[in-house]
file coords-v1.cif (mmCIF, C-alpha atoms)
data_data
loop_
_atom_site.label_atom_id
_atom_site.label_comp_id
_atom_site.auth_asym_id
_atom_site.auth_seq_id
_atom_site.Cartn_x
_atom_site.Cartn_y
_atom_site.Cartn_z
CA MET E 1 0.00 0.00 0.00
CA GLY E 2 2.39 2.56 -1.03
CA LEU E 3 1.43 5.98 -0.81
CA SER E 4 -0.62 6.86 -3.71
CA GLN E 5 -3.95 8.21 -2.70
CA PRO E 6 -6.73 5.70 -2.63
CA LEU E 7 -9.07 6.01 -5.50
CA SER E 8 -12.25 5.36 -3.65
CA PRO E 9 -14.13 8.11 -1.90
CA GLN E 10 -14.24 5.63 0.97
CA THR E 11 -16.25 6.50 3.92
CA SER E 12 -16.73 8.78 6.91
CA SER E 13 -20.16 8.67 8.38
CA ALA E 14 -21.44 10.74 5.56
CA GLN E 15 -19.49 9.08 2.84
CA ILE E 16 -19.85 5.43 3.69
CA GLY E 17 -23.22 5.52 2.15
CA ALA E 18 -22.35 7.55 -0.82
CA PRO E 19 -25.66 7.61 -2.57
CA PRO E 20 -25.93 6.04 -5.96
CA LEU E 21 -26.58 9.37 -7.54
CA GLN E 22 -24.52 10.87 -10.25
CA LEU E 23 -24.51 14.48 -11.22
CA THR E 24 -24.47 14.83 -14.92
CA SER E 25 -21.48 16.38 -16.50
CA ALA E 26 -19.39 15.64 -19.51
CA ALA E 27 -16.76 14.05 -17.32
CA SER E 28 -19.08 11.85 -15.33
CA ASN E 29 -20.81 10.60 -18.44
CA THR E 30 -17.58 9.16 -19.72
CA LEU E 31 -17.20 6.85 -16.75
CA GLU E 32 -18.00 3.20 -16.95
CA ALA E 33 -18.92 0.78 -14.24
CA GLY E 34 -15.89 -1.03 -13.01
CA SER E 35 -13.60 1.87 -13.63
CA ILE E 36 -12.26 3.82 -10.71
CA GLN E 37 -12.84 7.50 -10.37
CA PRO E 38 -10.30 9.62 -8.56
CA PRO E 39 -11.74 11.62 -5.66
CA THR E 40 -13.28 14.85 -6.77
CA GLU E 41 -11.79 18.01 -5.42
CA LEU E 42 -14.16 20.23 -3.53
CA LYS E 43 -14.06 22.82 -6.24
CA GLY E 44 -15.11 20.32 -8.84
CA ALA E 45 -17.88 19.05 -6.61
CA VAL E 46 -19.25 22.53 -6.16
CA GLU E 47 -19.18 23.07 -9.88
CA GLN E 48 -20.97 19.81 -10.43
CA LEU E 49 -23.61 20.59 -7.86
CA SER E 50 -24.62 23.51 -9.98
CA GLN E 51 -25.32 21.16 -12.86
CA PRO E 52 -28.79 19.70 -13.38
CA LEU E 53 -29.46 16.43 -11.63
CA THR E 54 -30.34 13.28 -13.48
CA ILE E 55 -30.46 9.72 -12.34
CA PRO E 56 -27.57 7.76 -13.75
CA GLU E 57 -27.96 4.76 -15.89
CA ILE E 58 -25.55 2.42 -14.19
CA PRO E 59 -24.85 -0.49 -16.50
CA LEU E 60 -25.58 -3.76 -14.79
CA ARG E 61 -22.60 -5.43 -16.32
CA SER E 62 -19.51 -4.41 -18.10
CA PRO E 63 -16.64 -6.67 -19.06
CA ASN E 64 -14.94 -6.02 -15.75
CA HIS E 65 -17.96 -5.77 -13.52
CA ASN E 66 -18.89 -8.25 -10.86
CA PHE E 67 -22.46 -8.49 -9.58
CA SER E 68 -21.24 -8.22 -6.01
CA ASP E 69 -20.18 -4.67 -6.82
CA MET E 70 -23.87 -3.84 -6.84
CA THR E 71 -24.26 -4.45 -3.14
CA ARG E 72 -21.16 -2.71 -1.94
CA GLY E 73 -21.75 0.14 0.41
CA SER E 74 -19.11 2.44 -0.92
CA SER E 75 -19.14 3.63 -4.41
CA TRP E 76 -15.72 2.99 -5.80
CA ALA E 77 -16.98 0.22 -8.01
CA HIS E 78 -19.64 2.50 -9.41
CA PRO E 79 -18.73 5.81 -10.90
CA ILE E 80 -21.03 7.69 -8.61
CA ARG E 81 -20.61 10.60 -6.30
CA PRO E 82 -22.40 11.55 -3.14
CA LEU E 83 -24.78 14.40 -2.81
CA ALA E 84 -23.53 16.88 -0.27
CA GLU E 85 -24.22 15.54 3.20
CA THR E 86 -23.76 17.26 6.49
CA PRO E 87 -20.84 15.69 8.37
CA ARG E 88 -22.10 13.69 11.31
CA PRO E 89 -20.46 12.30 14.41
CA LYS E 90 -18.87 8.88 14.27
CA PHE E 91 -19.31 6.52 17.17
CA VAL E 92 -17.00 3.55 17.54
CA ALA E 93 -18.17 1.06 20.12
CA LYS E 94 -15.69 -0.38 22.58
CA GLN E 95 -18.22 -2.36 24.53
CA GLU E 96 -21.80 -3.25 23.71
CA TRP E 97 -24.55 -4.91 25.73
CA GLU E 98 -28.08 -5.87 24.88
CA GLY E 99 -30.48 -5.05 27.68
CA ILE E 100 -33.96 -6.31 28.44
CA VAL E 101 -36.11 -4.18 30.71
CA VAL E 102 -37.28 -6.16 33.75
CA GLU E 103 -38.58 -3.31 35.86
CA VAL E 104 -39.76 0.22 35.17
CA ALA E 105 -39.63 2.65 38.08
CA GLU E 106 -40.64 6.29 38.22
CA ASP E 107 -37.23 7.65 37.35
CA SER E 108 -35.23 4.60 36.27
CA ILE E 109 -35.34 1.22 34.63
CA ILE E 110 -33.76 -2.04 35.69
CA ALA E 111 -32.50 -4.35 32.98
CA VAL E 112 -30.65 -7.61 32.57
CA LEU E 113 -27.66 -7.31 30.27
CA LEU E 114 -26.13 -9.59 27.66
CA ASP E 115 -22.52 -8.82 26.81
CA ILE E 116 -22.52 -8.64 23.00
CA THR E 117 -18.83 -7.78 22.76
CA ALA E 118 -17.89 -10.89 24.71
CA GLY E 119 -20.23 -13.00 22.58
CA ASP E 120 -22.32 -14.10 25.56
CA GLU E 121 -25.54 -15.94 24.84
CA LEU E 122 -27.26 -15.45 28.17
CA PRO E 123 -27.69 -12.30 30.28
CA SER E 124 -25.16 -12.23 33.07
CA GLU E 125 -25.56 -8.84 34.64
CA GLN E 126 -28.25 -6.52 35.90
CA ALA E 127 -28.11 -2.74 36.01
CA THR E 128 -30.21 0.29 36.80
CA PHE E 129 -30.37 3.17 34.33
CA PRO E 130 -31.78 6.61 35.19
CA LEU E 131 -34.43 7.69 32.70
CA ASP E 132 -32.36 10.81 32.12
CA GLU E 133 -29.87 8.67 30.21
CA ILE E 134 -32.50 7.58 27.70
CA GLN E 135 -33.11 9.68 24.63
CA GLU E 136 -36.38 11.54 24.39
CA GLY E 137 -37.28 9.79 21.16
CA ASP E 138 -36.99 6.38 22.82
CA ARG E 139 -39.00 7.13 25.98
CA ASP E 140 -42.25 5.81 24.52
CA LEU E 141 -40.56 2.45 23.88
CA ILE E 142 -39.84 1.86 27.56
CA LYS E 143 -41.88 -1.03 28.90
CA LEU E 144 -41.33 -4.43 30.44
CA GLY E 145 -39.52 -6.67 28.00
CA ALA E 146 -38.31 -3.80 25.81
CA VAL E 147 -34.91 -4.45 24.26
CA PHE E 148 -32.13 -1.89 23.99
CA ARG E 149 -28.44 -1.63 23.18
CA TRP E 150 -26.11 0.01 25.68
CA THR E 151 -22.91 1.07 23.99
CA ILE E 152 -19.78 2.59 25.43
CA GLY E 153 -17.24 3.96 23.04
CA TYR E 154 -15.61 6.95 21.44
CA GLN E 155 -17.54 9.58 19.57
CA THR E 156 -15.69 11.75 17.08
CA LEU E 157 -17.41 15.01 16.24
CA PRO E 158 -17.16 16.47 12.72
CA GLY E 159 -14.60 18.97 14.01
CA GLY E 160 -12.37 16.15 15.24
CA THR E 161 -13.15 16.32 18.95
CA LYS E 162 -13.07 12.84 20.44
CA GLN E 163 -14.99 12.00 23.57
CA ARG E 164 -15.96 8.94 25.55
CA VAL E 165 -19.68 8.33 25.32
CA SER E 166 -22.21 5.98 26.90
CA GLN E 167 -25.36 5.62 24.83
CA ILE E 168 -28.62 3.73 25.22
CA VAL E 169 -30.65 3.02 22.09
CA PHE E 170 -33.96 1.18 22.29
CA ARG E 171 -34.49 -1.27 19.47
CA ARG E 172 -37.57 -0.86 17.29
CA LEU E 173 -38.12 -4.54 16.82
CA PRO E 174 -40.76 -6.15 14.61
CA GLN E 175 -44.29 -6.01 15.98
CA TRP E 176 -46.82 -8.80 15.88
CA THR E 177 -49.14 -8.09 12.95
CA GLY E 178 -52.63 -9.36 12.28
CA LEU E 179 -51.18 -11.64 9.64
CA ASP E 180 -48.64 -12.99 12.13
CA MET E 181 -51.41 -13.67 14.63
CA ASN E 182 -53.51 -15.42 11.99
CA ILE E 183 -50.56 -17.58 10.98
CA ALA E 184 -49.80 -18.34 14.63
CA ASP E 185 -53.46 -19.26 15.23
CA LYS E 186 -53.43 -21.53 12.19
CA VAL E 187 -50.20 -23.24 13.24
CA ALA E 188 -51.50 -23.63 16.79
CA ALA E 189 -54.74 -25.12 15.49
CA GLU E 190 -52.81 -27.56 13.28
CA TRP E 191 -50.62 -28.59 16.20
CA ALA E 192 -53.59 -28.94 18.49
CA HIS E 193 -55.30 -31.08 15.87
CA SER E 194 -52.18 -33.21 15.43
CA PHE E 195 -51.73 -33.63 19.17
CA GLY E 196 -55.40 -34.37 19.53
CA GLU E 197 -55.18 -37.09 16.92
CA ALA E 198 -51.98 -38.38 18.44
CA ASN E 199 -53.56 -38.48 21.87
CA LEU E 200 -56.60 -40.14 20.42
CA ASN E 201 -54.44 -42.76 18.72
CA SER E 202 -52.35 -43.09 21.83
CA ASN E 203 -55.48 -43.61 23.94
CA ASP E 204 -56.74 -46.13 21.42
CA ASN E 205 -53.49 -48.01 21.71
CA ILE E 206 -53.56 -47.84 25.44
CA GLY E 207 -57.10 -49.03 25.32
CA ALA E 208 -56.12 -51.82 23.00
CA ASN E 209 -53.28 -52.82 25.24
CA HIS E 210 -55.51 -52.69 28.22
CA SER E 211 -57.96 -54.81 26.37
CA THR E 212 -55.28 -57.24 25.58
CA ILE E 213 -54.06 -57.25 29.11
CA ALA E 214 -57.54 -57.42 30.37
CA GLY E 215 -58.31 -60.10 27.86
CA MET Z 216 -10.73 -6.37 16.62
CA ARG Z 217 -7.18 -6.11 17.97
CA ILE Z 218 -6.68 -2.51 16.79
CA SER Z 219 -9.35 -0.03 17.79
CA PRO Z 220 -10.70 1.60 14.61
CA GLU Z 221 -10.69 5.34 14.14
CA SER Z 222 -13.98 5.02 12.30
CA SER Z 223 -16.32 2.11 11.88
CA GLY Z 224 -19.53 1.75 9.94
CA ALA Z 225 -22.05 -0.57 8.38
CA THR Z 226 -24.03 -0.36 5.17
CA VAL Z 227 -26.83 -2.50 3.82
CA VAL Z 228 -27.68 -2.52 0.14
CA PHE Z 229 -30.84 -4.00 -1.37
CA VAL Z 230 -31.07 -4.48 -5.13
CA GLY Z 231 -34.62 -4.90 -6.37
CA LYS Z 232 -37.64 -2.95 -7.53
CA LEU Z 233 -38.33 -0.08 -5.20
CA ASN Z 234 -40.62 2.91 -5.03
CA PRO Z 235 -38.43 5.80 -3.80
CA PRO Z 236 -41.10 8.35 -2.80
CA ILE Z 237 -42.46 6.00 -0.14
CA PHE Z 238 -39.25 6.31 1.87
CA GLN Z 239 -39.87 9.66 3.53
CA PRO Z 240 -38.90 10.50 7.10
CA GLU Z 241 -42.50 11.34 7.98
CA TRP Z 242 -43.66 7.95 6.73
CA PHE Z 243 -41.06 6.16 8.87
CA ALA Z 244 -42.14 8.18 11.90
CA ARG Z 245 -45.85 7.62 11.29
CA GLU Z 246 -45.30 3.88 11.19
CA GLY Z 247 -43.17 3.92 14.32
CA LEU Z 248 -40.02 2.97 12.46
CA LEU Z 249 -38.17 6.14 13.44
CA ALA Z 250 -38.73 8.43 16.40
CA ALA Z 251 -40.84 11.46 15.54
CA SER Z 252 -38.05 13.73 16.77
CA GLU Z 253 -35.57 12.02 14.43
CA ALA Z 254 -37.86 12.43 11.45
CA ALA Z 255 -38.57 16.05 12.26
CA ALA Z 256 -34.85 16.79 12.31
CA ALA Z 257 -34.09 14.79 9.17
CA GLU Z 258 -31.91 16.33 6.49
CA VAL Z 259 -33.87 15.69 3.31
CA ARG Z 260 -31.84 16.04 0.15
CA MET Z 261 -34.35 14.81 -2.36
CA ILE Z 262 -37.68 13.04 -2.57
CA SER Z 263 -38.87 12.18 -6.06
CA ASP Z 264 -40.23 9.32 -8.11
CA ASP Z 265 -36.69 8.30 -9.00
CA LEU Z 266 -34.70 9.06 -5.89
CA THR Z 267 -35.15 9.62 -2.19
CA SER Z 268 -32.16 10.68 -0.15
CA PHE Z 269 -32.21 11.79 3.46
CA SER Z 270 -30.27 11.50 6.70
CA VAL Z 271 -31.28 11.37 10.30
CA ASP Z 272 -29.04 11.69 13.28
CA TRP Z 273 -27.59 8.21 12.97
CA MET Z 274 -28.04 7.04 9.38
CA ASN Z 275 -28.21 7.98 5.70
CA LEU Z 276 -30.78 6.47 3.36
CA HIS Z 277 -30.72 6.55 -0.42
CA VAL Z 278 -33.34 4.83 -2.50
CA GLN Z 279 -33.46 4.55 -6.26
CA ARG Z 280 -35.89 2.49 -8.29
CA ASP Z 281 -33.44 -0.41 -8.38
CA ARG Z 282 -31.37 0.05 -5.25
CA LEU Z 283 -31.65 0.95 -1.59
CA MET Z 284 -28.60 1.85 0.45
CA ILE Z 285 -28.63 2.63 4.15
CA ASP Z 286 -25.54 3.29 6.21
CA THR Z 287 -24.36 4.38 9.59
CA ALA Z 288 -21.08 5.18 11.27
CA GLN Z 289 -22.64 5.19 14.70
CA ALA Z 290 -22.92 2.10 16.85
CA PRO Z 291 -25.05 0.15 17.46
CA PHE Z 292 -25.21 -0.97 13.84
CA VAL Z 293 -28.06 -3.35 14.59
CA ARG Z 294 -30.37 -0.37 14.13
CA LEU Z 295 -29.94 -0.76 10.36
CA ARG Z 296 -31.10 -4.35 10.55
CA ASP Z 297 -34.06 -3.52 12.76
CA LEU Z 298 -35.20 -0.69 10.52
CA LEU Z 299 -35.00 -2.76 7.34
CA VAL Z 300 -36.58 -5.85 8.87
CA ARG Z 301 -39.57 -3.91 10.14
CA THR Z 302 -39.92 -1.82 6.99
CA PHE Z 303 -39.91 -4.78 4.64
CA ARG Z 304 -41.58 -7.32 6.92
CA GLU Z 305 -44.47 -5.19 8.08
CA PHE Z 306 -45.07 -2.66 5.30
CA LEU Z 307 -43.26 -3.35 2.03
CA ILE Z 308 -43.46 -7.12 2.02
CA HIS Z 309 -44.28 -7.30 -1.70
CA THR Z 310 -41.25 -5.29 -2.77
CA PRO Z 311 -39.04 -7.70 -4.69
CA ILE Z 312 -35.45 -7.73 -3.45
CA TYR Z 313 -33.05 -9.75 -5.58
CA MET Z 314 -29.70 -9.14 -3.91
CA VAL Z 315 -28.52 -8.10 -0.48
CA GLY Z 316 -25.18 -6.71 0.60
CA ILE Z 317 -24.22 -6.49 4.25
CA ASN Z 318 -21.15 -4.29 4.41
CA ARG Z 319 -18.75 -3.36 7.20
CA GLN Z 320 -16.20 -0.61 6.88
CA VAL Z 321 -13.39 0.47 9.17
CA HIS Z 322 -10.50 2.89 9.13
CA PHE Z 323 -7.67 2.03 11.47
CA ARG Z 324 -4.14 3.26 11.94
CA ALA Z 325 -1.13 1.11 11.19
CA GLY Z 326 1.04 3.24 13.46
CA SER Z 327 3.27 4.77 10.83
CA PHE Z 328 3.48 5.23 7.11
CA GLU Z 329 6.41 2.81 6.95
CA ILE Z 330 4.40 0.04 8.55
CA ARG Z 331 1.45 0.66 6.24
CA ASP Z 332 3.81 0.59 3.28
CA LYS Z 333 5.21 -2.77 4.37
CA VAL Z 334 1.71 -4.15 4.86
CA GLY Z 335 0.98 -3.12 1.29
CA LEU Z 336 4.11 -4.88 0.10
CA ARG Z 337 3.10 -8.06 1.92
CA LEU Z 338 -0.34 -7.99 0.36
CA ALA Z 339 0.87 -7.08 -3.12
CA PRO Z 340 4.60 -7.58 -3.67
CA GLN Z 341 6.02 -5.16 -6.18
CA ASP Z 342 8.91 -7.22 -7.53
CA VAL Z 343 6.52 -9.24 -9.67
CA TRP Z 344 6.02 -6.07 -11.72
CA GLY Z 345 9.53 -6.47 -13.11
CA GLN Z 346 11.11 -3.42 -14.65
CA TRP Z 347 8.30 -1.21 -13.38
CA ALA Z 348 8.77 -2.17 -9.73
CA THR Z 349 11.42 0.43 -8.99
CA ALA Z 350 9.33 3.16 -10.48
CA ILE Z 351 6.31 2.08 -8.44
CA HIS Z 352 8.30 2.44 -5.26
CA GLY Z 353 9.45 5.90 -6.26
CA ARG Z 354 12.65 7.76 -5.54
CA SER Z 355 11.73 9.33 -2.23
CA GLU Z 356 11.96 7.46 1.04
CA ASP Z 357 10.48 10.31 3.05
CA ASP Z 358 7.76 11.91 0.96
CA TYR Z 359 4.88 9.51 1.24
CA LYS Z 360 2.91 11.40 -1.37
CA LYS Z 361 5.52 10.35 -3.94
CA ARG Z 362 5.48 6.71 -2.90
CA GLY Z 363 3.48 4.38 -5.11
CA GLY Z 364 2.21 0.94 -4.34
CA MET Z 365 -0.90 -1.03 -3.70
CA ASN Z 366 -3.92 1.15 -4.01
CA SER Z 367 -6.79 -1.24 -3.71
CA LEU Z 368 -6.93 -4.98 -3.29
CA THR Z 369 -10.06 -7.11 -3.14
CA MET Z 370 -9.99 -10.74 -2.05
CA MET Z 371 -13.09 -12.80 -2.80
CA GLN Z 372 -14.53 -15.91 -1.18
CA SER Z 373 -16.93 -17.57 -3.62
CA ASP Z 374 -17.66 -20.84 -1.83
CA ARG Z 375 -19.85 -19.66 1.03
CA GLU Z 376 -20.12 -21.77 4.16
CA ASP Z 377 -23.87 -21.12 4.38
CA GLY Z 378 -24.52 -22.50 0.91
CA ARG Z 379 -26.12 -19.28 -0.28
CA GLU Z 380 -25.42 -17.93 -3.73
CA GLY Z 381 -23.05 -15.00 -3.53
CA ASN Z 382 -19.62 -14.18 -2.22
CA ILE Z 383 -17.67 -12.32 0.41
CA ASN Z 384 -15.35 -9.58 -0.75
CA ALA Z 385 -12.70 -7.97 1.41
CA THR Z 386 -11.16 -4.76 0.14
CA VAL Z 387 -8.06 -3.10 1.57
CA GLN Z 388 -7.01 0.42 0.65
CA PRO Z 389 -4.98 3.26 2.12
CA SER Z 390 -7.37 5.42 4.14
CA VAL Z 391 -8.20 8.81 2.70
CA LEU Z 392 -9.46 9.95 6.07
CA PHE Z 393 -6.44 9.08 8.18
CA PRO Z 394 -3.23 9.67 6.22
CA PRO Z 395 -0.45 8.80 6.21
CA ASP Z 396 -0.83 5.55 8.15
CA GLY Z 397 -4.55 4.81 7.96
CA ILE Z 398 -5.85 1.61 6.40
CA TYR Z 399 -9.38 1.31 5.09
CA MET Z 400 -11.16 -2.03 4.90
CA GLN Z 401 -14.55 -2.91 3.57
CA ILE Z 402 -16.14 -6.34 3.83
CA ASN Z 403 -18.98 -6.94 1.39
CA ASP Z 404 -21.18 -9.94 2.21
CA HIS Z 405 -23.02 -10.29 -1.09
CA VAL Z 406 -26.00 -12.63 -1.38
CA VAL Z 407 -28.02 -13.31 -4.49
CA LEU Z 408 -31.60 -14.24 -3.62
CA GLY Z 409 -32.84 -14.62 -7.16
CA ASN Z 410 -34.14 -12.51 -9.99
CA ALA Z 411 -37.32 -11.01 -11.38
CA SER Z 412 -38.57 -14.41 -12.49
CA ASN Z 413 -38.42 -16.06 -9.08
CA VAL Z 414 -38.43 -13.35 -6.39
CA PHE Z 415 -41.76 -11.69 -5.72
CA GLY Z 416 -41.28 -10.03 -2.38
CA ALA Z 417 -38.93 -9.00 0.39
CA ASN Z 418 -39.23 -12.11 2.53
CA GLY Z 419 -35.92 -13.54 1.40
CA ALA Z 420 -34.05 -10.34 2.18
CA VAL Z 421 -35.71 -9.94 5.56
CA ASP Z 422 -35.13 -13.58 6.49
CA LEU Z 423 -31.49 -13.15 5.51
CA LEU Z 424 -31.05 -10.07 7.70
CA GLU Z 425 -32.76 -11.72 10.64
CA ALA Z 426 -30.78 -14.95 10.34
CA ASP Z 427 -27.37 -13.74 9.25
CA TRP Z 428 -26.83 -10.24 10.58
CA GLU Z 429 -24.77 -11.25 13.58
CA SER Z 430 -22.80 -13.96 11.79
CA SER Z 431 -22.07 -11.66 8.86
CA ASN Z 432 -20.72 -8.99 11.17
CA THR Z 433 -18.73 -11.52 13.15
CA LYS Z 434 -17.16 -12.84 9.99
CA ALA Z 435 -16.45 -9.33 8.71
CA GLU Z 436 -14.68 -8.44 11.93
CA MET Z 437 -12.73 -11.68 11.80
CA ILE Z 438 -11.49 -10.81 8.30
CA ILE Z 439 -10.60 -7.27 9.34
CA ASP Z 440 -8.77 -8.70 12.31
CA GLN Z 441 -6.57 -10.77 10.00
CA ILE Z 442 -5.20 -7.62 8.38
CA MET Z 443 -4.84 -6.00 11.78
CA GLY Z 444 -2.85 -9.09 12.75
CA LEU Z 445 -0.65 -8.57 9.72
CA VAL Z 446 -0.05 -4.99 10.82
CA GLU Z 447 1.04 -6.20 14.24
CA GLU Z 448 3.25 -8.85 12.71
CA VAL Z 449 4.93 -6.24 10.50
CA LYS Z 450 5.44 -4.05 13.55
CA ARG Z 451 7.11 -6.92 15.37
CA SER Z 452 9.24 -8.25 12.55
CA GLY Z 453 10.02 -4.99 10.83
CA SER Z 454 9.17 -6.37 7.40
#

call {"tool": "encode", "arguments": {"input": "coords-v1.cif", "output": "C-alpha cells"}}
result
Amino acid sequence: MGLSQPLSPQTSSAQIGAPPLQLTSAASNTLEAGSIQPPTELKGAVEQLSQPLTIPEIPLRSPNHNFSDMTRGSSWAHPIRPLAETPRPKFVAKQEWEGIVVEVAEDSIIAVLLDITAGDELPSEQATFPLDEIQEGDRDLIKLGAVFRWTIGYQTLPGGTKQRVSQIVFRRLPQWTGLDMNIADKVAAEWAHSFGEANLNSNDNIGANHSTIAG
Amino acid sequence: MRISPESSGATVVFVGKLNPPIFQPEWFAREGLLAASEAAAAEVRMISDDLTSFSVDWMNLHVQRDRLMIDTAQAPFVRLRDLLVRTFREFLIHTPIYMVGINRQVHFRAGSFEIRDKVGLRLAPQDVWGQWATAIHGRSEDDYKKRGGMNSLTMMQSDREDGREGNINATVQPSVLFPPDGIYMQINDHVVLGNASNVFGANGAVDLLEADWESSNTKAEMIIDQIMGLVEEVKRSGS
C-alpha cells in the first residue's frame, strides 16, 4: 500500500453511504462501471452541484464488472458521487450490551444485560439506568420486556473532537401483525389437531393394550 | 478487533424494484419505524419518483428504483437491521429484493506510514512487476505522497459456508481519512436471492437479515482482524 492516494471516496459517516446518484457532466458521463474515479476536489464538486441532476444509468454489467459490486456500500466500483451531506459524528463502540427491561420505576429502569462484545448468549448482569440517560425519542418504547443496546465507546465530532460516550438506544423490533397472529393461530390449530389425533391414537393403543391385558 | 478503529460503519444494500417516494422520514415516523423527533430533524436532500435521499441523526438512506442503500457510522449498527426488517416485513413485504449486501467498513491506523507501506508490500509484492517495480516504489523514502504501491486490493470468497449464492469480498485500501498511516477495509457480504422471475417479495431479504446479521458482522470483523494481525506482525518483525 504505497502511498498513492486511494481512489475510492471511501467512507466517513457521511461518505460510507455515498448515494448512488450521479450528477451529470461531460466528465461523469464518460465513466464506466468497473472503472475507478479519482476523488473529486471540492471545487469540482461545487461546480458539479450547480449542474442539473439526473439519475444515472448504471450499467448492470460491463466486461470487468462483478455483480457483487452492486451491493457494496461504498461507491468505488460504481462511478457515482455523493450528494452533499452534512458531516455527522462517528461513534466507535468499545463495549456493547443488549439489555432487556425487567422493571420500570418512576425515574429509572432495571434491565438484565447480555454482553454482546464478549459474545455471551445469556444475560449475566443486571443494572439500573436513570431515565435521564434515555433519549427523548426512545422514551415511549420503555416497557417491560423492551430491548435496547447500551454502547460505550468513542464519539468523534465532525470537528475532530473525540470524547468517551455511553449511549442507550432502544431497538424498534418487529411487531406482531394481524397476519402474524392469523398464521400463529393456524399453526396452533394444526398442532392442536395433530396432538389431539396423536392423543386419540395413543389412547386407542392404550385401550387396545388394556384390552389385551384385560383379555 | 485487535486494533481499535478510528472510524467504523455498516451499510446494507438492497437491489430490487423499489418505489423511492415512499421512503420519507415522515412515513417512517408515522409507522413507528423512526422516532418522531428524528424524522422532524431529518436532512432531506431529495424526494422524487426516482430518488429519495435523506439522513437522520444516525443514518443515511438513499433509494433509487433499483437500489436501496442505508448506512451508519454510529454504533449500534443493529439499528440498520431492525429498521430494514420492520420496513420490509411489516409494510413493504411485496417489494421484490433480488440481492442483499451487508457491508462493514473500518479505518484504522497502522502506526506509521512505513508500517502501512510494508503491509501493502506483503499484500501485493512489487517485484513481480519487473522493470516497473522500482518506479512504483518511487525515488523518495520520506515523501509519502511520492510513494506508489498497492492502491486497492479485493480478495473474494466464492464458496460460502452457508450454501447461499453470492460471495464475500474484502477490500483493503490506504485510508483517505487518516493519512499517512490509515488503512481502510470494507467487507462486502453479497448474497443473491434470485431474480425477477423467481423473487416476488422482500421475505428472502428480511429472512437473511434476521438470520445472518450477527454472523455476517462476526465474519467481517474476523477478516478485518486478519489484516490487523498482519499490521502487528509487520510491527514486530520490521518487514

call {"tool": "closest_residue", "arguments": {"input": "coords-v1.cif", "among": "Z:Glu447, Z:Asp404, Z:Glu436, Z:Asp427", "to": "Z:Asn384", "atoms": "only C-alpha atoms"}}
result
Z:Asp404

call {"tool": "closest_residue", "arguments": {"input": "coords-v1.cif", "among": "E:Ile168, E:Leu114, E:Ile100, E:Leu131", "to": "chain Z", "atoms": "only C-alpha atoms"}}
result
E:Ile168

call {"tool": "interface_residues", "arguments": {"input": "coords-v1.cif", "of": "chain Z", "to": "chain E", "cutoff": "7 Å", "atoms": "all atoms listed in the file", "output": "JSON, numbers by chain"}}
result
{"Z": [222, 223, 226, 227, 228, 229, 248, 250, 251, 252, 275, 277, 284, 285, 286, 287, 288, 289, 290, 291, 294, 297, 301, 315, 316, 318, 331, 332, 334, 335, 336, 359, 360, 361, 362, 363, 364, 365, 366, 388, 389, 390, 391, 403, 405]}

call {"tool": "atom_distance", "arguments": {"input": "coords-v1.cif", "atom1": "atom CA of Z:Pro235", "atom2": "atom CA of Z:Arg319"}}
result
24.3 Å

call {"tool": "atom_distance", "arguments": {"input": "coords-v1.cif", "atom1": "atom CA of Z:Met371", "atom2": "atom CA of Z:Val449"}}
result
23.3 Å

call {"tool": "atom_distance", "arguments": {"input": "coords-v1.cif", "atom1": "atom CA of Z:Asn418", "atom2": "atom CA of Z:Arg304"}}
result
6.9 Å

call {"tool": "build_atoms", "arguments": {"input": "coords-v1.cif", "residues": "stretch 184-195 of chain E", "atoms": "N, CA and C atoms", "output": "PDB file, in the coordinates of the input"}}
result
ATOM      1  N   ALA E 184     -50.065 -17.669  13.356  1.00  0.00           N
ATOM      2  CA  ALA E 184     -49.800 -18.340  14.630  1.00  0.00           C
ATOM      3  C   ALA E 184     -51.029 -19.147  15.059  1.00  0.00           C
ATOM      4  N   ASP E 185     -52.223 -18.542  14.877  1.00  0.00           N
ATOM      5  CA  ASP E 185     -53.460 -19.260  15.230  1.00  0.00           C
ATOM      6  C   ASP E 185     -53.601 -20.538  14.403  1.00  0.00           C
ATOM      7  N   LYS E 186     -53.287 -20.400  13.098  1.00  0.00           N
ATOM      8  CA  LYS E 186     -53.430 -21.530  12.190  1.00  0.00           C
ATOM      9  C   LYS E 186     -52.461 -22.662  12.578  1.00  0.00           C
ATOM     10  N   VAL E 187     -51.206 -22.245  12.851  1.00  0.00           N
ATOM     11  CA  VAL E 187     -50.200 -23.240  13.240  1.00  0.00           C
ATOM     12  C   VAL E 187     -50.600 -23.903  14.543  1.00  0.00           C
ATOM     13  N   ALA E 188     -51.096 -23.089  15.492  1.00  0.00           N
ATOM     14  CA  ALA E 188     -51.500 -23.630  16.790  1.00  0.00           C
ATOM     15  C   ALA E 188     -52.654 -24.625  16.613  1.00  0.00           C
ATOM     16  N   ALA E 189     -53.589 -24.241  15.729  1.00  0.00           N
ATOM     17  CA  ALA E 189     -54.740 -25.120  15.490  1.00  0.00           C
ATOM     18  C   ALA E 189     -54.277 -26.448  14.879  1.00  0.00           C
ATOM     19  N   GLU E 190     -53.328 -26.343  13.915  1.00  0.00           N
ATOM     20  CA  GLU E 190     -52.810 -27.560  13.280  1.00  0.00           C
ATOM     21  C   GLU E 190     -52.119 -28.460  14.303  1.00  0.00           C
ATOM     22  N   TRP E 191     -51.331 -27.813  15.174  1.00  0.00           N
ATOM     23  CA  TRP E 191     -50.620 -28.590  16.200  1.00  0.00           C
ATOM     24  C   TRP E 191     -51.615 -29.219  17.166  1.00  0.00           C
ATOM     25  N   ALA E 192     -52.596 -28.426  17.553  1.00  0.00           N
ATOM     26  CA  ALA E 192     -53.590 -28.940  18.490  1.00  0.00           C
ATOM     27  C   ALA E 192     -54.310 -30.142  17.878  1.00  0.00           C
ATOM     28  N   HIS E 193     -54.614 -30.001  16.567  1.00  0.00           N
ATOM     29  CA  HIS E 193     -55.300 -31.080  15.870  1.00  0.00           C
ATOM     30  C   HIS E 193     -54.403 -32.331  15.844  1.00  0.00           C
ATOM     31  N   SER E 194     -53.118 -32.100  15.495  1.00  0.00           N
ATOM     32  CA  SER E 194     -52.180 -33.210  15.430  1.00  0.00           C
ATOM     33  C   SER E 194     -52.032 -33.899  16.787  1.00  0.00           C
ATOM     34  N   PHE E 195     -51.876 -33.048  17.831  1.00  0.00           N
ATOM     35  CA  PHE E 195     -51.730 -33.630  19.170  1.00  0.00           C
ATOM     36  C   PHE E 195     -53.005 -34.360  19.581  1.00  0.00           C
TER      37      PHE E 195
END
